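All remarks here apply to the structure that follows.
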Amino acid sequence: MLNIPNSITLLRMFLVPVIVWLILGEQMFAAFVVFVIAGLSDALDGLIAKQFDLVTPLGTYLDPLADKILLVSIYVTLGVQADLPSWLVILVVSRDFLIIGGILLTFLMELSVNIAPTKVSKLNTFLQISLAALVLGYRGLDIGYEPLITGVIYAVALTTVLSGLSYILQWSRQNS
């Protein structure tokens with residue numbers, strides 16, 4: 001069912017190519033603003049869905065998919081532009097492929113697995129979004145906070161590894 005929260009989620013997905021285009025065009029301030037709007041839309045759709053009991057099966061799939069599309073697209077684009085280290089981009093994208101691959105494998109094997117986001121995966125998502133916003137803000141607002149960005153890069157790397165391991169453990173416990 002396409003309700004207001006799901007429509008907001010779709011809007012976030014439609015903002016992804018705009019952000020990528022702005023980054024590639026070196027319009028970093030505009031990319032930062034659109035990225036912040038996308039981030040706020042993520043909070044807004046969840047708030048509306050929970051507050052007004054509008055959570056739908058479609059929304060439970062669409063919302064994390066929109067987050068993955070947004071983050072992977074931004075990380076790859078920032079990596080191509082050399083605004084993020086390539087090793088971090090590869091790590092983040094590989095973890096997401098691992099999760100998606102695990103879900104597909106589970107489906108193909110007709111196994112019943114309930115994979116829930118862990119605290120470390122939620123922290124990882126928060127840090128990934130924060131890093132993207134910091135890099136876009138740094139480039140778009142020309143504010144120097146390189147040491148903070150460097151620290152968040154390593155925090156994203158650590159939580160990405162820990163989050164990937166937590167998903168592997170969840171999957172293996174349910175299938176052993």
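Here, A, B, ... name the chains of the structure tokens in the order displayed, residue numbers run from 1 inside each chain, and ligands are numbered from 1 in the same displayed order.
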Problem - Residue contacts of Ile153 in chain A (12 Å, only C-alpha atoms) excluding same-chain residues fewer than 2 positions away, as a PyMOL selection string - result: chain A and resi 75+83-89+91-92+124+127-132+134-135+146-151+155-160
Practice task
State, in Å with one decimal place, the distance from CA of Ser163 in chain A to CA of Ser121 in chain A.
Solution key: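 Pair CA of Ser163 in chain A / CA of Ser121 in chain A returns 4.8 Å.
The closest residue to Gly25 in chain A, picked from A:Val93, A:Leu78, A:Leu169, A:Leu58 and counting only C-alpha atoms, is A:Leu78.
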Problem - Atomic separation - CA of Tyr167 in chain A relative to CA of Arg12 in chain A, Å - result: 25.5 Å
Practice task
Going by DSSP on the backbone, which bits of chain A are alpha helix (DSSP H)? Write them as a ChimeraX atom specification, please.
Solution key: /A:4-24,28-51,57-80,86-108,119-141,146-174
Exercise for the section: Considering only C-alpha atoms, state which residue in the set A:Ile74, A:Ala66, A:Leu136, A:Ala30 is at the smallest distance from Phe14 in chain A. Expected result: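 Ranked by minimum distance to Phe14 in chain A, first place goes to A:Ala66.
Considering the residues A:Val55, A:Thr106, A:Ile100, A:Val76 and counting only C-alpha atoms, Gln174 in chain A has its shortest atom-to-atom contact with A:Thr106.
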